[in-house]
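Novice: Sharing target_27.cif (mmCIF, C-alpha atoms) below.
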data_coords
loop_
_atom_site.label_atom_id
_atom_site.label_comp_id
_atom_site.auth_asym_id
_atom_site.auth_seq_id
_atom_site.Cartn_x
_atom_site.Cartn_y
_atom_site.Cartn_z
CA MET A 450 -20.68 -5.60 11.55
CA LYS A 451 -21.97 -5.57 7.95
CA PRO A 452 -19.26 -6.04 5.30
CA GLY A 453 -20.30 -2.78 3.59
CA LYS A 454 -19.97 -0.83 6.82
CA TRP A 455 -16.61 -2.44 7.53
CA LEU A 456 -15.38 -1.58 4.02
CA ILE A 457 -16.59 2.01 4.36
CA GLY A 458 -14.73 2.28 7.66
CA LYS A 459 -11.55 0.94 6.08
CA ILE A 460 -11.75 3.24 3.04
CA THR A 461 -12.48 6.37 5.07
CA ARG A 462 -9.46 5.57 7.23
CA THR A 463 -7.24 6.25 4.22
CA LEU A 464 -8.39 9.89 4.30
CA GLU A 465 -6.87 12.56 6.50
CA PRO A 466 -8.48 12.61 10.00
CA GLU A 467 -10.48 15.83 9.43
CA LEU A 468 -11.75 14.81 6.02
CA HIS A 469 -12.50 11.34 7.37
CA ASP A 470 -14.68 12.91 10.06
CA ALA A 471 -16.49 15.22 7.64
CA VAL A 472 -17.13 12.49 5.04
CA ALA A 473 -18.22 9.85 7.56
CA GLY A 474 -20.55 12.42 9.18
CA ASP A 475 -22.05 13.41 5.82
CA MET A 476 -22.69 9.78 4.99
CA ALA A 477 -24.39 9.18 8.33
CA GLU A 478 -26.50 12.32 7.90
CA LEU A 479 -27.51 11.50 4.33
CA LYS A 480 -28.17 7.85 5.29
CA MET A 481 -26.22 6.67 2.28
CA ARG A 482 -26.66 3.01 1.41
CA ASP A 483 -23.69 0.62 1.43
CA ALA A 484 -22.99 0.10 -2.29
CA ARG A 485 -23.44 3.75 -3.23
CA ALA A 486 -21.38 4.88 -0.27
CA VAL A 487 -18.52 2.54 -1.20
CA CYS A 488 -18.56 3.72 -4.84
CA GLU A 489 -18.60 7.39 -3.86
CA LEU A 490 -15.85 6.89 -1.30
CA LEU A 491 -13.68 5.06 -3.81
CA GLY A 492 -14.26 7.95 -6.19
CA LEU A 493 -13.09 10.41 -3.54
CA VAL A 494 -10.01 8.34 -2.68
CA LEU A 495 -9.11 8.00 -6.38
CA ARG A 496 -9.54 11.73 -7.01
CA ARG A 497 -7.26 12.46 -4.06
CA GLN A 498 -4.70 9.88 -5.18
CA VAL A 499 -4.26 11.27 -8.72
CA PRO A 500 -2.30 14.44 -7.78
CA LEU A 501 -0.09 12.43 -5.44
CA TRP A 502 1.15 10.36 -8.39
CA LYS A 503 2.50 13.40 -10.23
CA THR A 504 5.92 13.04 -8.59
CA TRP A 505 8.54 10.35 -9.27
CA ARG A 506 8.66 8.99 -5.71
CA PRO A 507 5.52 6.79 -5.70
CA TRP A 508 6.47 5.48 -9.15
CA LEU A 509 9.94 4.54 -7.92
CA ALA A 510 8.29 2.79 -4.97
CA LEU A 511 5.96 0.92 -7.34
CA PHE A 512 8.46 -0.14 -10.00
CA GLY A 513 11.51 -0.31 -7.74
CA ILE A 514 10.14 -1.99 -4.62
CA VAL A 515 6.62 -3.40 -5.06
CA GLY A 516 7.54 -5.21 -8.28
CA PRO A 517 11.17 -6.39 -8.13
CA VAL A 518 11.82 -6.40 -4.37
CA GLY A 519 8.40 -7.92 -3.63
CA ALA A 520 8.84 -10.68 -6.21
CA VAL A 521 12.48 -11.57 -5.45
CA LEU A 522 11.91 -11.41 -1.70
CA SER A 523 8.91 -13.73 -2.10
CA TYR A 524 11.09 -16.15 -4.06
CA ILE A 525 13.81 -16.12 -1.36
CA CYS A 526 11.23 -16.33 1.44
CA VAL A 527 9.48 -19.31 -0.11
CA GLY A 528 12.84 -21.11 -0.34
CA VAL A 529 13.70 -20.41 3.31
CA VAL A 530 10.27 -21.39 4.56
CA GLY A 531 10.35 -24.51 2.40
CA ASP A 532 13.66 -25.57 3.99
CA LEU A 533 12.37 -24.81 7.48
CA SER A 534 9.13 -26.72 7.03
CA ARG A 535 10.91 -29.66 5.40
CA GLN A 536 13.16 -29.83 8.46
CA ALA A 537 10.13 -29.67 10.73
CA LEU A 538 8.22 -32.36 8.84
CA VAL A 539 11.13 -34.83 8.73
CA TYR A 540 11.89 -34.18 12.40
CA TRP A 541 8.23 -34.68 13.27
CA GLN A 542 8.01 -37.97 11.40
CA TYR A 543 11.44 -39.52 12.02
CA GLY A 544 12.82 -37.67 15.00
CA VAL A 545 15.96 -36.64 13.06
CA PRO A 546 16.72 -33.46 11.10
CA TYR A 547 16.53 -33.53 7.34
CA SER A 548 19.99 -33.51 5.80
CA SER A 549 20.61 -31.90 2.45
CA GLY A 550 24.26 -32.91 2.52
CA LEU A 551 25.43 -30.10 4.77
CA THR A 552 26.60 -30.62 8.31
CA GLU A 553 24.10 -29.89 11.07
CA ALA A 554 25.97 -26.69 11.99
CA GLN A 555 26.03 -25.52 8.37
CA GLU A 556 22.32 -26.29 8.02
CA ILE A 557 21.48 -24.22 11.11
CA GLU A 558 23.79 -21.35 10.15
CA THR A 559 22.32 -21.15 6.63
CA LEU A 560 18.73 -21.18 7.87
CA VAL A 561 19.36 -18.59 10.61
CA CYS A 562 21.23 -16.33 8.21
CA LEU A 563 18.56 -16.62 5.52
CA SER A 564 15.74 -15.99 8.01
CA LEU A 565 17.50 -12.90 9.39
CA ALA A 566 18.17 -11.64 5.88
CA VAL A 567 14.52 -12.02 4.82
CA ILE A 568 13.36 -10.17 7.95
CA CYS A 569 15.93 -7.44 7.39
CA PHE A 570 15.22 -7.00 3.66
CA SER A 571 11.46 -7.03 4.29
CA TRP A 572 11.70 -4.35 6.95
CA VAL A 573 13.95 -2.11 4.84
CA GLY A 574 11.73 -2.67 1.80
CA GLY A 575 8.64 -1.69 3.78
CA PHE A 576 10.36 1.31 5.36
CA VAL A 577 11.62 2.74 2.06
CA LEU A 578 8.31 1.89 0.37
CA GLY A 579 6.44 3.86 3.04
CA GLY A 580 8.89 6.78 2.85
CA LEU A 581 8.82 7.00 -0.94
CA SER A 582 5.07 6.47 -1.25
CA GLY A 583 3.87 9.02 1.30
CA ASP A 584 0.07 9.13 1.04
CA THR A 585 0.13 6.71 -1.89
CA ILE A 586 1.13 3.98 0.55
CA TYR A 587 -2.46 2.70 0.56
CA VAL A 588 -2.07 1.80 -3.12
CA ASN A 589 1.58 0.73 -3.06
CA GLY A 590 1.24 -1.04 0.30
CA THR A 591 -1.81 -2.96 -0.90
CA LEU A 592 0.00 -3.98 -4.09
CA PHE A 593 3.05 -5.07 -2.06
CA CYS A 594 0.79 -7.20 0.14
CA LEU A 595 -0.85 -8.64 -2.98
CA VAL A 596 2.58 -9.67 -4.29
CA TRP A 597 3.15 -11.36 -0.93
CA PHE A 598 -0.31 -12.98 -1.08
CA GLY A 599 0.16 -14.33 -4.59
CA LEU A 600 3.80 -15.38 -4.55
CA CYS A 601 4.45 -16.50 -0.98
CA GLY A 602 1.27 -15.84 1.01
CA PRO A 603 -1.79 -18.12 1.04
CA LEU A 604 -1.88 -18.56 -2.75
CA GLY A 605 1.88 -19.11 -3.07
CA ILE A 606 1.89 -21.50 -0.13
CA LEU A 607 -0.85 -23.59 -1.68
CA ILE A 608 1.13 -24.04 -4.88
CA TYR A 609 4.48 -24.46 -3.11
CA SER A 610 3.16 -26.93 -0.52
CA ALA A 611 1.88 -29.18 -3.26
CA ARG A 612 5.23 -29.04 -5.06
CA LEU A 613 7.17 -29.54 -1.83
CA LEU A 614 5.12 -32.56 -0.90
CA LEU A 615 6.00 -34.13 -4.21
CA ASP A 616 9.67 -33.30 -3.52
CA ALA A 617 9.44 -34.79 -0.05
CA LEU A 618 7.88 -37.94 -1.47
CA TYR A 619 10.70 -38.25 -3.96
CA LEU A 620 13.63 -37.32 -1.67
CA VAL A 621 12.42 -39.00 1.52
CA PRO A 622 10.70 -42.31 0.83
CA LEU A 623 7.71 -42.03 3.12
CA PRO A 624 6.40 -45.34 4.46
CA HIS A 625 2.83 -44.39 3.72
CA ALA A 626 0.83 -42.35 1.27
CA VAL A 627 0.78 -38.59 1.74
CA THR A 628 -1.87 -37.79 4.24
CA TRP A 629 -4.04 -34.77 4.69
CA PHE A 630 -2.17 -34.21 7.91
CA GLU A 631 1.04 -33.55 6.00
CA LEU A 632 -0.69 -31.15 3.66
CA VAL A 633 -2.23 -29.27 6.59
CA PHE A 634 1.13 -29.41 8.38
CA PHE A 635 2.89 -27.69 5.48
CA ALA A 636 0.21 -25.09 4.99
CA GLY A 637 -0.13 -24.60 8.74
CA ILE A 638 3.59 -24.05 9.29
CA ASN A 639 4.38 -22.17 6.09
CA LEU A 640 1.74 -19.48 6.36
CA PRO A 641 2.74 -18.25 9.85
CA LEU A 642 6.40 -18.41 8.77
CA VAL A 643 5.99 -16.29 5.62
CA THR A 644 3.89 -13.87 7.65
CA LEU A 645 6.52 -13.65 10.35
CA LEU A 646 9.53 -13.40 8.04
CA PHE A 647 8.13 -11.23 5.25
CA LEU A 648 4.73 -9.60 5.82
CA LEU A 649 5.08 -8.53 9.44
CA PRO A 650 8.52 -6.85 9.11
CA SER A 651 7.36 -5.10 5.90
CA LEU A 652 4.24 -3.75 7.60
CA ILE A 653 6.27 -2.60 10.61
CA GLY A 654 8.69 -0.85 8.24
CA MET A 655 5.79 0.89 6.45
CA GLN A 656 4.30 1.89 9.80
CA TRP A 657 7.64 3.39 10.87
CA ALA A 658 7.79 5.41 7.69
CA ARG A 659 4.15 6.54 8.08
CA ARG A 660 4.92 7.78 11.59
CA ARG A 661 7.89 9.65 10.13
CA ARG A 662 10.37 7.84 12.34
CA ARG A 663 13.97 8.27 11.28
CA LEU A 664 16.90 5.93 11.42
CA GLY A 665 19.55 8.64 11.67
CA MET A 666 22.93 8.39 10.02
CA LYS A 667 24.33 5.95 12.61
CA GLY A 668 21.29 3.71 12.34
CA THR A 669 21.43 3.74 8.54
CA ILE A 670 25.14 2.88 8.51
CA LEU A 671 24.56 0.08 11.02
CA LEU A 672 21.71 -1.27 8.90
CA ALA A 673 23.81 -1.06 5.73
CA ALA A 674 26.67 -2.88 7.45
CA THR A 675 24.30 -5.63 8.64
CA VAL A 676 22.82 -6.03 5.17
CA ALA A 677 26.27 -6.11 3.55
CA THR A 678 27.43 -8.77 6.04
CA LEU A 679 24.33 -10.87 5.40
CA ILE A 680 24.80 -10.61 1.63
CA ILE A 681 28.46 -11.70 1.86
CA LEU A 682 27.60 -14.56 4.22
CA LEU A 683 24.70 -15.80 2.12
CA THR A 684 26.69 -15.63 -1.13
CA TRP A 685 29.46 -17.62 0.53
CA MET A 686 27.10 -20.13 2.22
CA GLY A 687 25.30 -20.69 -1.07
CA GLY A 688 28.38 -22.57 -2.29
CA TRP A 689 28.27 -25.07 0.57
CA GLN A 690 25.58 -27.20 -0.98
CA GLN A 691 27.58 -27.71 -4.18
CA LYS A 692 30.73 -28.64 -2.22
CA ALA A 693 28.76 -31.01 0.00
CA LEU A 694 27.35 -32.85 -3.00
CA GLU A 695 30.78 -33.04 -4.64
CA GLN A 696 32.27 -34.49 -1.44
CA TRP A 697 29.37 -36.91 -1.00
CA SER A 698 29.80 -38.25 -4.53
CA GLU A 699 33.61 -38.26 -4.08
CA GLY A 700 34.01 -35.82 -6.97
CA LYS A 701 32.02 -37.97 -9.41
CA TRP A 702 29.03 -35.63 -9.54
CA ILE A 703 29.50 -31.93 -10.02
CA PRO A 704 26.01 -30.46 -9.84
CA ALA A 705 25.13 -27.47 -12.02
CA ALA A 706 24.81 -25.04 -9.13
CA PRO A 707 24.47 -21.28 -9.60
CA SER A 708 27.70 -19.29 -9.64
CA TRP A 709 28.44 -16.78 -6.87
CA GLN A 710 27.39 -13.96 -9.21
CA GLN A 711 24.04 -15.66 -9.76
CA ARG A 712 23.62 -16.11 -6.00
CA LEU A 713 24.56 -12.49 -5.38
CA LEU A 714 22.20 -10.90 -7.93
CA PRO A 715 18.83 -11.54 -6.17
CA LEU A 716 20.36 -10.35 -2.89
CA LEU A 717 21.46 -7.11 -4.56
CA VAL A 718 17.98 -6.62 -6.00
CA VAL A 719 16.28 -6.87 -2.60
CA SER A 720 18.91 -4.77 -0.84
CA TRP A 721 18.81 -1.66 -3.07
CA PRO A 722 16.45 0.16 -0.65
CA VAL A 723 19.36 0.27 1.81
CA VAL A 724 21.48 2.01 -0.83
CA TYR A 725 18.63 4.48 -1.30
CA LEU A 726 18.56 5.11 2.46
CA LEU A 727 22.29 5.84 2.35
CA ILE A 728 22.25 8.20 -0.62
CA ALA A 729 18.90 9.96 0.02
CA PRO A 730 20.31 12.39 2.63
CA ILE A 731 23.22 13.22 0.29
CA VAL A 732 21.03 13.79 -2.78
CA GLN A 733 18.35 15.74 -0.89
CA PRO A 734 20.16 17.28 2.08
CA ARG A 735 17.59 20.03 2.65
CA LYS A 736 14.47 17.92 2.25
CA GLY A 737 14.49 16.44 5.73
CA LYS A 738 10.72 16.37 6.17
CA ARG A 739 10.27 12.88 4.74
CA THR A 740 11.19 9.79 6.64
CA THR A 741 13.74 8.57 4.15
CA MET B 465 -12.23 31.85 -14.58
CA ILE B 466 -13.88 29.19 -12.44
CA GLY B 467 -15.61 26.11 -13.83
CA GLU B 468 -19.32 25.26 -13.89
CA PHE B 469 -19.25 22.94 -10.90
CA GLU B 470 -17.09 25.35 -8.95
CA TYR B 471 -19.70 28.04 -9.63
CA LEU B 472 -22.53 25.75 -8.49
CA LEU B 473 -20.65 25.08 -5.29
CA LEU B 474 -19.99 28.76 -4.64
CA ALA B 475 -23.64 29.58 -5.35
CA ALA B 476 -24.88 26.84 -2.99
CA THR B 477 -22.51 28.07 -0.30
CA ALA B 478 -23.80 31.61 -0.71
CA ARG B 479 -27.44 30.47 -0.52
CA LEU B 480 -26.88 28.39 2.60
CA GLY B 481 -24.94 31.14 4.35
CA PRO B 482 -23.82 30.13 7.85
CA ASP B 483 -25.33 26.65 7.42
CA ALA B 484 -23.06 25.74 4.50
CA TYR B 485 -21.23 22.45 5.05
CA GLY B 486 -20.50 19.31 2.99
CA ALA B 487 -23.81 17.43 3.18
CA ALA B 488 -25.97 20.58 3.01
CA ILE B 489 -24.11 21.88 -0.08
CA ARG B 490 -24.46 18.51 -1.74
CA GLN B 491 -28.22 18.41 -1.12
CA GLU B 492 -28.61 22.00 -2.31
CA ILE B 493 -26.78 21.26 -5.58
CA GLU B 494 -28.73 18.04 -6.16
CA THR B 495 -32.08 19.74 -5.49
CA LEU B 496 -31.39 22.74 -7.70
CA THR B 497 -29.65 21.02 -10.62
CA ARG B 498 -31.49 17.67 -10.35
CA ARG B 499 -28.15 16.05 -10.92
CA ASN B 500 -26.13 13.70 -8.75
CA CYS B 501 -23.31 15.36 -6.81
CA SER B 502 -20.79 12.77 -5.61
CA ILE B 503 -18.82 13.13 -2.41
CA GLY B 504 -15.62 12.78 -4.43
CA ALA B 505 -16.48 15.70 -6.71
CA LEU B 506 -17.71 17.78 -3.79
CA TYR B 507 -14.69 17.46 -1.52
CA THR B 508 -12.12 17.60 -4.33
CA THR B 509 -13.70 20.83 -5.58
CA LEU B 510 -13.90 22.24 -2.05
CA ASP B 511 -10.16 21.59 -1.67
CA ARG B 512 -9.42 23.23 -5.01
CA LEU B 513 -11.54 26.30 -4.21
CA GLU B 514 -9.85 26.62 -0.84
CA GLU B 515 -6.42 26.42 -2.51
CA LYS B 516 -7.48 29.20 -4.87
CA GLY B 517 -8.59 31.26 -1.88
CA LEU B 518 -12.22 31.40 -3.01
CA ILE B 519 -13.61 29.76 0.12
CA GLU B 520 -12.58 29.13 3.71
CA THR B 521 -13.32 25.87 5.52
CA TRP B 522 -13.10 24.83 9.14
CA MET B 523 -14.31 21.97 11.27
CA GLY B 524 -17.62 22.69 12.96
CA ASN B 525 -19.56 21.02 15.73
CA ALA B 526 -20.35 17.34 15.92
CA THR B 527 -24.02 16.32 16.07
CA PRO B 528 -25.66 13.05 17.14
CA GLN B 529 -27.43 12.98 13.74
CA ARG B 530 -23.98 12.63 12.17
CA GLY B 531 -22.85 9.90 14.53
CA GLY B 532 -20.82 12.38 16.55
CA ARG B 533 -18.77 13.49 13.53
CA SER B 534 -17.81 17.09 12.84
CA LYS B 535 -19.05 19.11 9.87
CA ARG B 536 -16.70 20.76 7.40
CA MET B 537 -18.14 24.27 7.39
CA VAL B 538 -17.69 26.45 4.31
CA ARG B 539 -17.67 30.23 3.89
CA LEU B 540 -17.17 32.36 0.77
CA THR B 541 -14.27 34.77 0.73
CA ALA B 542 -14.32 38.18 -0.98
CA LYS B 543 -12.22 36.64 -3.76
CA GLY B 544 -14.80 33.86 -4.09
CA ILE B 545 -17.69 36.32 -4.38
CA LYS B 546 -15.74 38.23 -7.05
CA ALA B 547 -14.99 35.03 -9.02
CA ALA B 548 -18.65 33.90 -8.85
CA THR B 549 -19.85 37.36 -9.92
CA GLU B 550 -17.47 37.34 -12.90
CA PHE B 551 -18.62 33.85 -13.93
CA TYR B 552 -22.29 34.84 -13.65
CA GLY B 553 -21.65 38.02 -15.65
CA ALA B 554 -19.87 36.03 -18.37
CA VAL B 555 -22.75 33.52 -18.54
CA ARG B 556 -25.33 36.32 -18.75
CA ARG B 557 -23.42 38.18 -21.46
CA SER B 558 -22.75 35.05 -23.50
CA THR B 559 -26.40 33.96 -23.19
CA ARG B 560 -27.91 37.18 -24.48
CA GLY B 561 -29.80 36.59 -27.71
CA VAL B 562 -29.40 32.83 -27.87
CA PRO B 563 -32.57 30.79 -28.69
CA TRP B 564 -33.09 29.32 -25.20
CA GLU B 565 -32.75 32.78 -23.65
CA THR B 566 -35.22 34.26 -26.14
CA ASN B 567 -37.64 31.38 -25.45
CA ARG B 568 -37.48 31.92 -21.73
CA ALA B 569 -38.24 35.61 -22.28
CA GLY B 570 -41.30 34.68 -24.39
CA GLY B 571 -39.70 35.15 -27.82
CA ARG B 572 -39.84 32.78 -30.78
CA PRO B 573 -37.17 30.12 -31.37
#
What is this file in structure tokens?
Specialist:
Amino acid sequence: MKPGKWLIGKITRTLEPELHDAVAGDMAELKMRDARAVCELLGLVLRRQVPLWKTWRPWLALFGIVGPVGAVLSYICVGVVGDLSRQALVYWQYGVPYSSGLTEAQEIETLVCLSLAVICFSWVGGFVLGGLSGDTIYVNGTLFCLVWFGLCGPLGILIYSARLLLDALYLVPLPHAVTWFELVFFAGINLPLVTLLFLLPSLIGMQWARRRRRLGMKGTILLAATVATLIILLTWMGGWQQKALEQWSEGKWIPAAPSWQQRLLPLLVVSWPVVYLLIAPIVQPRKGKRTT
Amino acid sequence: MIGEFEYLLLAATARLGPDAYGAAIRQEIETLTRRNCSIGALYTTLDRLEEKGLIETWMGNATPQRGGRSKRMVRLTAKGIKAATEFYGAVRRSTRGVPWETNRAGGRP
């Protein structure tokens, strides 16, 4: 399939089914060429987007979720994936897990908890983004994916992998020079992981919202309880590293680790969509047509 | 009062009669005005006119020529005819005696 035709197909899919049919049919009948067709379609999509942005909801989605949640979640996700891939690389090369000073159980608990939290926050973020955006989801969703792409997707991974390799070289004295294999290993393991932990749950959340699926009050409360538990656990676990280093150095080295308030803040930023889910039915009790 | 492009669209719909649909209206406007009529402008204006109650639209038959896609058929409503008549009347009244009107009628500039 020609790229132009593929692009036209993708753009027309953002239109309502009837309009999509009428426009695609007109284009076929008028034998419109690729570049002109794409420009005209983009014009139509833009004209139809403008009135949708006259309410506060898509703007809240843009400045409340796409920007802050997308960026902070990317930052957390990159950290989790970095830890996971470092473990995998050291295990692959030496047959033992990488130790950051924590016990093996603590290491596993932290990684599991962080992974679950990223999945959970991503899904909620995507769900509320889809609910708030409505038909502007094509713009907000694309921007959200671009944040993912740049900060923890392919572009972010490229930058992070290079930095992580330098870290690995410094922390774990490798017996040989860094090979292409290691670089490919990092990129190869990180990209599926950030997709699985961040992008996929977000897209599923958006899809749920687009299909107007509801969580219900019980579901929302359960989700809020899960998120609250994860936040408490992660804030508490974040202090383990500092204690481990203090114990390891027998109290001689007290590293400048972030305080519990500093550890809590990014988690609160990415979890505000859950608060929105909780208060939305109270603030707008009669407007039950939207997903959120 | 409707706008110029809205009037062109209503006029094209009236000329085409039962054969008025997206692509046909677009071609009619482009042929008569010798100006480009984009799909964006066409469908946004159709939506606006329908909201104002000046036209009615419905999905018509699919044809092989259109790759099996349906047409968005357009029909003028009584309100639409009235709005177009008012616009045309206003244009005629406001044009009376202006140089280009006098020229067309054979007068001097």
Novice: Give the answer as one residue: which of A:Val724, A:Cys601, A:Val588, A:Trp697 has the shortest atom-to-atom distance to A:Ala636, using all atoms listed in the file?
Specialist: A:Cys601
Novice: Which residues match the PyMOL selection byres ((chain B) within 10 of (chain A)) in the file above, as a PyMOL selection string?
Specialist: chain B and resi 485-488+490-491+501-508+511+522-524+526-537
Novice: What separation in Å, quoted to one decimal, exists between atom CA of A:Gly605 and atom CA of A:Ile460?
Specialist: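 That distance, rounded to one decimal, is 26.9 Å.
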Novice: Would you list the contacts of stretch 468-484 of chain B as a VMD selection string, taking every protein, DNA or RNA residue within 10 Å and counting all atoms listed in the file, but skipping same-chain residues closer than 5 positions in sequence?
Specialist: chain B and resid 489 to 493 496 to 497 501 505 to 506 509 to 510 512 to 513 518 to 519 521 535 to 541 544 to 545 547 to 549 551 to 552
Novice: Report as a list in words the full result of the PyMOL selection byres ((chain A and resi 715) around 10) when it is applied to this structure.
Specialist: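 Selection result, ordered by chain and number: Pro517, Val518, Val521, Leu522, Tyr524, Ile525, Ile680, Gln710, Gln711, Arg712, Leu713, Leu714, Leu716, Leu717, Val718, Val719 and Ser720 of chain A.
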Novice: One decimal, in Å: what's the spacing between atom CA of A:Val567 and atom CA of A:Pro641?
Specialist: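 Going from atom CA of A:Val567 over to atom CA of A:Pro641 covers 14.2 Å.
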Novice: To one decimal place in Å, what is the distance between atom CA of A:Thr591 and atom CA of A:Leu563?
Specialist: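 Atom-to-atom, atom CA of A:Thr591 and atom CA of A:Leu563 are spaced 25.4 Å apart.
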Novice: Need to verify the contact set: stretch 540-551 of chain A, 7 Å, only C-alpha atoms, exclusion of same-chain residues closer than 3 positions in sequence. Can you return it as an MDAnalysis selection string?
Specialist: chainID A and resid 536:537 555:556 690 693:694
Novice: Around all the atoms of stretch 721-725 of chain A listed in the file, draw an axis-aligned box and extend it by 6 Å on each of the six sides; I want its centre and edge lengths in Å to one decimal, as lines of an AutoDock Vina configuration file.
Specialist:
center_x = 19.0
center_y = 1.4
center_z = -0.6
size_x = 17.0
size_y = 18.1
size_z = 16.9
Novice: Using the chain letters and numbers from this file, what does the PyMOL selection byres ((chain A and resi 657) around 10) select? Give the answer as a list in words.
Specialist: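 For this structure, the PyMOL selection byres ((chain A and resi 657) around 10) captures Trp572, Gly575, Phe576, Val577, Gly579, Gly580, Ser651, Leu652, Ile653, Gly654, Met655, Gln656, Ala658, Arg659, Arg660, Arg661, Arg662, Arg663, Leu664 and Thr740 of chain A.
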Novice: Identify, on the basis of all atoms listed in the file, every residue whose closest approach to stretch 527-531 of chain A does not exceed 8 Å; exclude the query and any residue fewer than 2 positions from it along the same chain; express the result as a list in words.
Specialist: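 So the residues in contact are Ser523, Tyr524, Ile525, Leu533, Ser534, Arg535, Leu560, Leu563, Ser564, Cys601, Ile606, Tyr609, Leu613, Asn639, Leu642 and Val643 of chain A.
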